[in-house]
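The data block below is input-v9.cif; it holds mmCIF, C-alpha atoms.
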data_run
#
loop_
_atom_site.label_atom_id
_atom_site.label_comp_id
_atom_site.auth_asym_id
_atom_site.auth_seq_id
_atom_site.Cartn_x
_atom_site.Cartn_y
_atom_site.Cartn_z
CA MET U 1 0.00 0.00 0.00
CA ARG U 2 1.44 3.36 -1.04
CA PRO U 3 1.98 5.91 1.74
CA LYS U 4 -0.26 8.95 1.67
CA ALA U 5 1.19 12.27 0.62
CA PRO U 6 1.54 14.96 3.30
CA LEU U 7 -1.60 16.98 4.02
CA SER U 8 -0.07 20.14 2.59
CA ALA U 9 0.75 18.37 -0.68
CA ARG U 10 -2.81 17.05 -0.95
CA MET U 11 -4.44 20.41 -0.17
CA PHE U 12 -2.06 22.59 -2.19
CA PRO U 13 -0.81 20.43 -5.08
CA PHE U 14 1.10 22.10 -7.90
CA SER U 15 0.84 21.08 -11.52
CA LEU U 16 1.74 22.78 -14.78
CA ARG U 17 -1.71 22.01 -16.14
CA ASP U 18 -3.43 23.85 -13.26
CA LEU U 19 -1.03 26.77 -13.64
CA LEU U 20 -1.87 27.12 -17.35
CA VAL U 21 -5.61 26.89 -16.59
CA THR U 22 -5.33 29.64 -13.96
CA ILE U 23 -3.34 31.93 -16.25
CA SER U 24 -5.77 31.39 -19.14
CA ILE U 25 -8.86 32.15 -17.04
CA LEU U 26 -7.37 35.29 -15.50
CA LEU U 27 -6.21 36.55 -18.92
CA CYS U 28 -9.71 35.96 -20.32
CA ALA U 29 -11.24 37.85 -17.39
CA ALA U 30 -8.82 40.74 -17.88
CA GLY U 31 -9.56 40.79 -21.61
CA VAL U 32 -13.33 40.89 -21.05
CA CYS U 33 -12.96 43.71 -18.51
CA SER U 34 -10.79 45.68 -20.93
CA LEU U 35 -13.40 45.35 -23.67
CA LEU U 36 -16.19 46.39 -21.32
CA ARG U 37 -14.22 49.40 -20.09
CA THR U 38 -13.96 50.75 -23.62
CA ALA U 39 -17.77 50.67 -23.88
CA ASP U 40 -18.67 51.72 -20.33
CA THR U 41 -17.08 54.30 -18.06
CA SER U 42 -18.29 52.65 -14.84
CA ASP U 43 -16.09 50.24 -12.85
CA GLY U 44 -18.75 47.95 -11.38
CA PHE U 45 -18.36 45.19 -13.94
CA ALA U 46 -14.83 44.16 -12.88
CA SER U 47 -15.66 42.54 -9.54
CA PRO U 48 -18.34 40.07 -10.75
CA ILE U 49 -16.23 39.06 -13.73
CA PHE U 50 -13.22 38.26 -11.56
CA VAL U 51 -15.46 36.51 -9.02
CA LEU U 52 -16.53 34.26 -11.90
CA ALA U 53 -12.86 33.78 -12.85
CA VAL U 54 -12.02 32.75 -9.28
CA LEU U 55 -14.96 30.34 -9.23
CA LEU U 56 -13.91 28.73 -12.53
CA THR U 57 -10.30 28.46 -11.43
CA SER U 58 -11.26 26.82 -8.15
CA ARG U 59 -13.58 24.41 -9.98
CA LEU U 60 -11.18 23.40 -12.75
CA THR U 61 -8.00 23.02 -10.67
CA THR U 62 -7.01 20.58 -7.94
CA GLY U 63 -6.80 21.61 -4.30
CA TYR U 64 -6.82 25.12 -2.89
CA LEU U 65 -3.55 26.59 -4.19
CA PHE U 66 -4.58 28.05 -7.52
CA GLY U 67 -8.01 29.14 -6.30
CA LEU U 68 -6.36 31.23 -3.59
CA ILE U 69 -3.83 32.59 -6.05
CA ALA U 70 -6.66 33.56 -8.41
CA ALA U 71 -8.50 35.28 -5.53
CA VAL U 72 -5.47 37.38 -4.61
CA LEU U 73 -4.63 38.25 -8.22
CA GLY U 74 -8.29 38.99 -8.93
CA VAL U 75 -8.48 41.51 -6.09
CA ILE U 76 -5.24 43.11 -7.26
CA CYS U 77 -6.49 43.38 -10.85
CA VAL U 78 -9.82 44.88 -9.79
CA ASN U 79 -8.13 47.45 -7.53
CA PHE U 80 -5.03 48.25 -9.58
CA ILE U 81 -6.23 48.00 -13.19
CA PHE U 82 -10.01 48.29 -13.39
CA THR U 83 -10.90 50.71 -10.56
CA TYR U 84 -10.28 54.46 -10.62
CA PRO U 85 -7.57 55.78 -10.27
CA TYR U 86 -6.35 53.26 -12.85
CA TRP U 87 -2.89 51.66 -12.55
CA ALA U 88 -2.63 52.69 -8.92
CA PHE U 89 -3.55 51.02 -5.65
CA ASN U 90 -6.32 52.66 -3.66
CA LEU U 91 -6.86 50.88 -0.32
CA THR U 92 -9.39 53.48 0.81
CA ILE U 93 -12.10 52.35 -1.62
CA SER U 94 -15.37 51.62 0.16
CA GLY U 95 -15.99 47.88 0.53
CA TYR U 96 -12.46 46.90 -0.51
CA PRO U 97 -11.90 44.50 2.45
CA LEU U 98 -15.30 42.93 1.78
CA THR U 99 -14.36 42.38 -1.87
CA PHE U 100 -11.16 40.64 -0.84
CA LEU U 101 -12.98 38.42 1.66
CA SER U 102 -15.66 37.60 -0.92
CA PHE U 103 -13.04 36.47 -3.42
CA LEU U 104 -11.39 34.28 -0.78
CA ALA U 105 -14.75 32.82 0.30
CA VAL U 106 -15.67 31.93 -3.28
CA SER U 107 -12.27 30.30 -3.75
CA VAL U 108 -12.35 28.24 -0.55
CA ILE U 109 -15.97 27.12 -0.89
CA THR U 110 -15.61 26.14 -4.56
CA SER U 111 -12.31 24.35 -3.96
CA THR U 112 -13.84 22.44 -1.04
CA LEU U 113 -16.82 21.34 -3.11
CA THR U 114 -14.59 20.37 -6.02
CA THR U 115 -12.31 18.35 -3.74
CA GLN U 116 -15.29 16.54 -2.23
CA ILE U 117 -16.71 15.73 -5.67
CA LYS U 118 -13.37 14.35 -6.84
CA ARG U 119 -13.00 12.33 -3.64
CA GLN U 120 -16.49 10.87 -4.05
CA GLU U 121 -15.73 9.96 -7.65
CA GLN U 122 -12.50 8.28 -6.56
CA LEU U 123 -14.39 6.32 -3.90
CA ARG U 124 -16.99 5.29 -6.47
CA VAL U 125 -14.27 4.00 -8.81
CA GLU U 126 -12.59 2.14 -5.95
CA ASN U 127 -15.91 0.60 -4.91
CA GLU U 128 -16.56 -0.57 -8.46
CA LYS U 129 -13.08 -2.04 -8.60
CA GLU U 130 -13.53 -3.87 -5.31
CA LYS U 131 -16.95 -5.10 -6.41
CA MET U 132 -15.46 -6.49 -9.61
CA ARG U 133 -12.67 -8.22 -7.69
CA ALA U 134 -15.11 -9.65 -5.16
CA ASN U 135 -17.34 -10.98 -7.94
CA LEU U 136 -14.34 -12.48 -9.66
CA LEU U 137 -13.01 -14.19 -6.54
CA ARG U 138 -16.48 -15.43 -5.60
CA SER U 139 -16.97 -16.91 -9.05
CA VAL U 140 -13.53 -18.51 -9.10
CA SER U 141 -13.82 -19.96 -5.59
CA HIS U 142 -17.04 -21.72 -6.61
CA ASP U 143 -16.27 -22.57 -10.22
CA ILE U 144 -12.78 -23.94 -9.70
CA ARG U 145 -14.05 -26.88 -7.62
CA THR U 146 -15.86 -28.53 -10.53
CA PRO U 147 -12.87 -29.04 -12.88
CA LEU U 148 -10.61 -30.06 -9.99
CA THR U 149 -13.12 -32.69 -8.89
CA SER U 150 -13.39 -33.94 -12.48
CA ILE U 151 -9.60 -34.11 -12.86
CA VAL U 152 -9.18 -36.03 -9.62
CA GLY U 153 -12.01 -38.41 -10.52
CA SER U 154 -10.74 -39.14 -14.02
CA THR U 155 -7.13 -39.70 -12.98
CA SER U 156 -8.20 -41.90 -10.07
CA THR U 157 -10.30 -44.02 -12.43
CA VAL U 158 -7.36 -44.51 -14.78
CA LEU U 159 -4.93 -45.36 -11.97
CA GLU U 160 -7.27 -47.66 -10.05
CA ASN U 161 -8.63 -49.56 -13.05
CA PRO U 162 -5.73 -50.94 -15.11
CA GLY U 163 -8.18 -53.06 -17.09
CA LEU U 164 -9.72 -50.07 -18.88
CA SER U 165 -9.50 -50.18 -22.64
CA ARG U 166 -7.28 -47.71 -24.44
CA ALA U 167 -10.33 -45.88 -25.81
CA GLU U 168 -11.75 -45.46 -22.29
CA GLN U 169 -8.41 -44.22 -20.97
CA GLU U 170 -8.09 -41.73 -23.83
CA ALA U 171 -11.61 -40.43 -23.19
CA LEU U 172 -10.86 -39.88 -19.49
CA LEU U 173 -7.49 -38.25 -20.23
CA GLU U 174 -9.11 -36.02 -22.85
CA ASP U 175 -11.55 -34.86 -20.19
CA VAL U 176 -8.62 -34.16 -17.84
CA ARG U 177 -6.91 -32.08 -20.54
CA SER U 178 -10.09 -30.12 -21.24
CA GLU U 179 -10.59 -29.34 -17.55
CA ALA U 180 -6.92 -28.40 -17.13
CA GLN U 181 -7.13 -26.01 -20.10
CA TRP U 182 -10.15 -24.32 -18.52
CA LEU U 183 -8.22 -23.94 -15.25
CA ILE U 184 -5.32 -22.37 -17.15
CA ARG U 185 -7.64 -19.81 -18.74
CA THR U 186 -9.18 -19.03 -15.35
CA VAL U 187 -5.72 -18.42 -13.88
CA GLU U 188 -4.92 -16.19 -16.86
CA ASN U 189 -8.01 -14.13 -16.00
CA LEU U 190 -6.80 -13.79 -12.43
CA LEU U 191 -3.37 -12.73 -13.63
CA SER U 192 -5.02 -10.15 -15.88
CA ILE U 193 -6.67 -8.56 -12.85
CA THR U 194 -3.37 -8.66 -10.95
CA ARG U 195 -1.52 -6.99 -13.85
CA MET U 196 -3.95 -4.07 -13.75
CA GLY U 197 -2.72 -3.22 -10.26
CA GLU U 198 -4.48 -0.30 -8.57
CA GLY U 199 -5.76 1.49 -11.64
CA GLN U 200 -5.26 2.56 -15.19
CA ALA U 201 -2.01 4.42 -14.43
CA CYS U 202 -0.37 1.14 -13.40
CA ILE U 203 -0.85 -0.46 -16.82
CA ALA U 204 2.35 -0.44 -18.84
CA LYS U 205 1.25 0.44 -22.37
CA ASP U 206 3.19 -0.07 -25.57
CA VAL U 207 2.14 1.06 -29.04
CA GLU U 208 1.07 -2.12 -30.83
CA ALA U 209 -0.39 -2.82 -34.26
CA ALA U 210 -3.97 -4.08 -34.00
CA GLU U 211 -3.35 -6.67 -36.72
CA GLU U 212 -0.56 -8.34 -34.73
CA ILE U 213 -2.72 -8.69 -31.61
CA LEU U 214 -5.51 -10.25 -33.68
CA GLY U 215 -3.11 -12.75 -35.22
CA ALA U 216 -1.59 -13.79 -31.89
CA ALA U 217 -4.97 -14.35 -30.22
CA VAL U 218 -6.43 -16.28 -33.16
CA ALA U 219 -3.34 -18.49 -33.48
CA LYS U 220 -3.69 -19.64 -29.86
CA PHE U 221 -7.42 -20.20 -30.24
CA ARG U 222 -6.96 -22.34 -33.36
CA ARG U 223 -4.68 -24.66 -31.41
CA ARG U 224 -7.33 -25.01 -28.69
CA CYS U 225 -10.37 -25.37 -30.99
CA PRO U 226 -9.19 -26.58 -34.41
CA GLU U 227 -12.71 -27.73 -35.29
CA ILE U 228 -14.03 -24.13 -35.46
CA SER U 229 -13.34 -22.06 -38.56
CA VAL U 230 -11.91 -18.63 -37.73
CA THR U 231 -11.74 -15.85 -40.30
CA VAL U 232 -9.58 -12.79 -39.64
CA GLU U 233 -10.33 -9.44 -41.26
CA PRO U 234 -7.34 -7.16 -40.63
CA PRO U 235 -7.79 -3.37 -40.73
CA ARG U 236 -7.38 -1.67 -44.07
CA GLU U 237 -4.97 0.84 -42.56
CA LEU U 238 -2.28 0.51 -39.93
CA LEU U 239 -3.91 0.97 -36.51
CA LEU U 240 -1.43 1.74 -33.75
CA VAL U 241 -2.97 1.35 -30.30
CA PRO U 242 -1.38 2.07 -26.89
CA MET U 243 -2.07 -1.09 -24.88
CA ASP U 244 -0.78 -3.82 -22.65
CA PRO U 245 -0.60 -6.51 -25.37
CA ILE U 246 -0.89 -9.41 -22.93
CA LEU U 247 -4.09 -8.04 -21.43
CA ILE U 248 -5.74 -7.21 -24.77
CA GLU U 249 -4.75 -10.59 -26.16
CA GLN U 250 -6.42 -12.13 -23.12
CA VAL U 251 -9.60 -10.11 -23.85
CA LEU U 252 -9.71 -11.49 -27.38
CA ALA U 253 -8.99 -15.00 -26.09
CA ASN U 254 -11.91 -14.76 -23.67
CA LEU U 255 -14.26 -13.53 -26.39
CA LEU U 256 -13.21 -16.34 -28.72
CA GLU U 257 -13.64 -18.86 -25.91
CA ASN U 258 -17.14 -17.53 -25.15
CA ALA U 259 -18.10 -17.73 -28.83
CA ALA U 260 -17.00 -21.37 -28.96
CA VAL U 261 -18.45 -22.54 -25.64
CA HIS U 262 -21.59 -20.46 -25.16
CA GLY U 263 -22.55 -20.34 -28.81
CA GLU U 264 -23.07 -24.12 -28.53
CA THR U 265 -23.72 -24.48 -32.29
CA THR U 266 -20.83 -22.22 -33.31
CA THR U 267 -18.94 -23.42 -36.39
CA ARG U 268 -17.57 -20.10 -37.68
CA ILE U 269 -16.08 -17.05 -35.98
CA LEU U 270 -15.20 -13.74 -37.62
CA VAL U 271 -12.53 -11.63 -35.93
CA SER U 272 -11.86 -8.13 -37.23
CA ALA U 273 -10.36 -4.75 -36.42
CA ARG U 274 -11.20 -1.45 -38.09
CA LEU U 275 -10.92 2.30 -37.69
CA ASP U 276 -13.79 3.87 -35.73
CA GLY U 277 -13.16 7.61 -35.43
CA ASP U 278 -10.30 8.11 -32.98
CA PHE U 279 -10.60 4.49 -31.84
CA ALA U 280 -9.73 1.03 -33.05
CA ARG U 281 -12.74 -1.31 -32.89
CA PHE U 282 -12.10 -5.02 -32.32
CA THR U 283 -15.00 -7.39 -33.11
CA VAL U 284 -15.65 -11.10 -32.51
CA ALA U 285 -18.80 -12.41 -34.23
CA ASP U 286 -20.03 -16.02 -34.32
CA ASN U 287 -22.84 -17.99 -35.91
CA GLY U 288 -23.93 -19.70 -32.69
CA ARG U 289 -27.15 -19.58 -30.72
CA GLY U 290 -26.72 -15.98 -29.54
CA ILE U 291 -26.98 -14.37 -26.11
CA PRO U 292 -30.03 -15.01 -23.92
CA PRO U 293 -31.90 -11.66 -23.75
CA ALA U 294 -32.21 -11.93 -19.96
CA ALA U 295 -28.41 -12.09 -19.66
CA LEU U 296 -27.65 -8.93 -21.69
CA PRO U 297 -28.14 -6.34 -18.87
CA THR U 298 -25.65 -8.09 -16.53
CA LEU U 299 -23.37 -9.61 -19.12
CA PHE U 300 -20.23 -7.67 -18.16
CA ASP U 301 -20.58 -7.19 -14.39
CA GLY U 302 -19.67 -10.73 -13.31
CA THR U 303 -23.07 -11.40 -11.69
CA LEU U 304 -24.37 -13.92 -14.25
CA LYS U 305 -25.73 -16.80 -12.20
CA HIS U 306 -24.59 -20.35 -12.74
CA SER U 307 -28.15 -21.40 -13.52
CA GLU U 308 -28.18 -18.82 -16.31
CA SER U 309 -25.20 -20.43 -18.03
CA PRO U 310 -26.17 -22.29 -21.16
CA ARG U 311 -25.53 -25.75 -19.76
CA GLY U 312 -26.15 -25.06 -16.12
CA ASP U 313 -22.49 -25.96 -15.67
CA GLY U 314 -20.86 -23.96 -12.91
CA LYS U 315 -17.47 -23.89 -14.48
CA ARG U 316 -18.88 -22.48 -17.70
CA ASN U 317 -19.88 -19.16 -16.16
CA MET U 318 -19.80 -16.67 -19.04
CA GLY U 319 -19.85 -13.69 -16.68
CA LEU U 320 -16.42 -14.46 -15.23
CA GLY U 321 -14.41 -13.91 -18.41
CA LEU U 322 -16.54 -11.02 -19.63
CA SER U 323 -16.23 -9.09 -16.35
CA VAL U 324 -12.46 -9.38 -16.72
CA CYS U 325 -12.70 -8.22 -20.34
CA MET U 326 -14.73 -5.17 -19.35
CA ALA U 327 -12.32 -4.28 -16.55
CA VAL U 328 -9.31 -4.50 -18.89
CA VAL U 329 -10.96 -2.46 -21.64
CA ARG U 330 -12.08 0.24 -19.21
CA ALA U 331 -8.58 0.41 -17.74
CA HIS U 332 -7.35 1.18 -21.27
CA GLY U 333 -9.89 4.02 -21.63
CA GLY U 334 -12.13 2.03 -23.96
CA THR U 335 -15.71 0.78 -24.15
CA MET U 336 -17.25 -2.65 -24.71
CA GLU U 337 -20.63 -3.87 -25.92
CA ALA U 338 -22.46 -6.97 -27.09
CA ARG U 339 -25.49 -7.64 -29.29
CA ASN U 340 -27.29 -10.47 -31.01
CA LEU U 341 -27.11 -10.90 -34.77
CA GLU U 342 -29.66 -12.59 -37.02
CA GLN U 343 -27.59 -15.70 -36.39
CA GLY U 344 -25.15 -15.67 -33.52
CA ALA U 345 -23.73 -12.90 -31.36
CA GLU U 346 -21.22 -10.09 -31.70
CA PHE U 347 -18.88 -8.71 -29.05
CA SER U 348 -16.87 -5.58 -29.76
CA PHE U 349 -14.64 -3.19 -27.86
CA ARG U 350 -12.99 0.10 -28.75
CA LEU U 351 -9.53 1.30 -27.70
CA PRO U 352 -8.15 4.84 -28.20
CA LEU U 353 -5.66 5.15 -31.02
CA TRP U 354 -2.14 6.43 -30.60
CA LYS U 355 -2.43 10.23 -30.60
CA GLU U 356 -0.16 10.81 -33.59
CA GLU U 357 -2.10 8.18 -35.49
CA SER U 358 -5.43 9.83 -34.71
CA THR U 359 -4.28 13.30 -35.80
CA ARG U 360 -3.26 12.28 -39.29
#

Would you give me this structure, written as structure tokens?
Amino acid sequence: MRPKAPLSARMFPFSLRDLLVTISILLCAAGVCSLLRTADTSDGFASPIFVLAVLLTSRLTTGYLFGLIAAVLGVICVNFIFTYPYWAFNLTISGYPLTFLSFLAVSVITSTLTTQIKRQEQLRVENEKEKMRANLLRSVSHDIRTPLTSIVGSTSTVLENPGLSRAEQEALLEDVRSEAQWLIRTVENLLSITRMGEGQACIAKDVEAAEEILGAAVAKFRRRCPEISVTVEPPRELLLVPMDPILIEQVLANLLENAAVHGETTTRILVSARLDGDFARFTVADNGRGIPPAALPTLFDGTLKHSESPRGDGKRNMGLGLSVCMAVVRAHGGTMEARNLEQGAEFSFRLPLWKEESTR
């Protein structure tokens, strides 16, 4: 667990972005006041405009530092530049202390509200993250028993019954291999969550070509399910996407696995990537039985019940892999969705393109 920053650093953080925001807002306020002064000889417009500038600065920056700076500079600008006698300080103006206190009050109150809003948003994100992890662990703790029991039963049968025919032994060992492969994929899902660490900032992203990620995921799937025909439609242009390639490859692997297992009648899968505005859209479409309409609202939150799985098989819980997929895609700043086709289902997710790629 990372140690907390000192209180002063949390209340008065400094960043170049906040500094530029403060300067821009104050310059805009000064420019508006200058324009108004050319059209009106009165000085009453300056105070409300700079109050608005202080409010915006406090709302758009982090902590109290730049809001207080804007309050002080606002009072100075109102007194020194936009109040008669111009370009001279006049501390005897009626209501001057009240103006200063008003600016400070606006700054402190707005900064406090902004800080509370940001803290609540952070807590909401953390709660969602913990909920996703709890759902994942709860699913794994229940689901992992079934394949382990099957593996132990099959191997015990082979060891304790030497008289089994070769065909019977091969059938039992094939079942063991199938269950072991499912366990491997479940562990990969757990490792995906672990790799995400405490948030999006912890993901180490590299700029990868979308076509290469598609090829790697499909190649692994073909080895697992050679009986299913997989067609790959690469993007027409080079799509460079900042991503953790292991995590995104795992997302595609989960979607391919879901198409094969939960489609039940799936014989063909189409995997594609294409340009979608400033995003790269990855799509996995199958010709299977589709998604049960009742499962669509909770498809990605990991709460799909075992009884809702196509075969009522606990270890085939579709929600487990999809909740991991959604978490990974969100951590990359993307979105994910699913829909039924006339025949089969389609899962797609979008990831932001590399900035230089998206500006061409």

> If the PyMOL selection byres ((chain U and resi 328-341) around 7) is run on the structure shown, which residues does it catch, given as JSON, numbers by chain?
Replying inline: {"U": [199, 200, 243, 247, 290, 291, 324, 325, 326, 327, 342, 343, 344, 345, 346, 347, 348, 349, 350, 351, 352]}

> Could you work out how far CA of Tyr64 in chain U lies from CA of Phe14 in chain U, giving the answer in Å with one decimal?
Replying inline: 9.8 Å

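Nearest residue to Asp175 in chain U, choosing from U:Val187, U:Val158, U:Ala209, U:Ala285 and counting all atoms listed in the file: U:Val158.
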
> Which one is closest to Leu56 in chain U: U:Leu16, U:Val251, U:Ile109, U:Ile246? Count all atoms listed in the file.
Replying inline: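 Comparing U:Leu16, U:Val251, U:Ile109, U:Ile246 against Leu56 in chain U, the winner is U:Ile109.
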
> When you draw a straight line from CA of Val271 in chain U to CA of Thr283 in chain U, how long is it in Å?
Replying inline: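 Computed distance, CA of Val271 in chain U to CA of Thr283 in chain U, equals 5.7 Å.
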
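Note that the spacing between CA of Asp276 in chain U and CA of Pro293 in chain U amounts to 26.7 Å.
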
I'd like the neighbourhood of range 48-50 of chain U as a PDB file with C-alpha atoms, in the frame of the given file, where a residue qualifies if any of its atoms comes within 9 Å (using all atoms listed in the file), though same-chain residues fewer than 6 positions away should be ignored.
ATOM      1  CA  LEU U  26      -7.370  35.290 -15.500  1.00  0.00           C
ATOM      2  CA  ALA U  29     -11.240  37.850 -17.390  1.00  0.00           C
ATOM      3  CA  ALA U  30      -8.820  40.740 -17.880  1.00  0.00           C
ATOM      4  CA  VAL U  32     -13.330  40.890 -21.050  1.00  0.00           C
ATOM      5  CA  CYS U  33     -12.960  43.710 -18.510  1.00  0.00           C
ATOM      6  CA  ALA U  70      -6.660  33.560  -8.410  1.00  0.00           C
ATOM      7  CA  ALA U  71      -8.500  35.280  -5.530  1.00  0.00           C
ATOM      8  CA  GLY U  74      -8.290  38.990  -8.930  1.00  0.00           C
ATOM      9  CA  VAL U  75      -8.480  41.510  -6.090  1.00  0.00           C
ATOM     10  CA  CYS U  77      -6.490  43.380 -10.850  1.00  0.00           C
ATOM     11  CA  VAL U  78      -9.820  44.880  -9.790  1.00  0.00           C
ATOM     12  CA  PHE U 103     -13.040  36.470  -3.420  1.00  0.00           C
TER      13      PHE U 103
END

> Closest to Val72 in chain U among U:Pro97, U:Pro242, U:Pro147, U:Pro85, using all atoms listed in the file?
Replying inline: U:Pro97

>> Counting all atoms listed in the file, which residue out of U:Leu159, U:Gln250, U:Ser229, U:Ala46 sits closest to Thr266 in chain U?
In response: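 With all atoms listed in the file as the atom set, the closest residue is U:Ser229.
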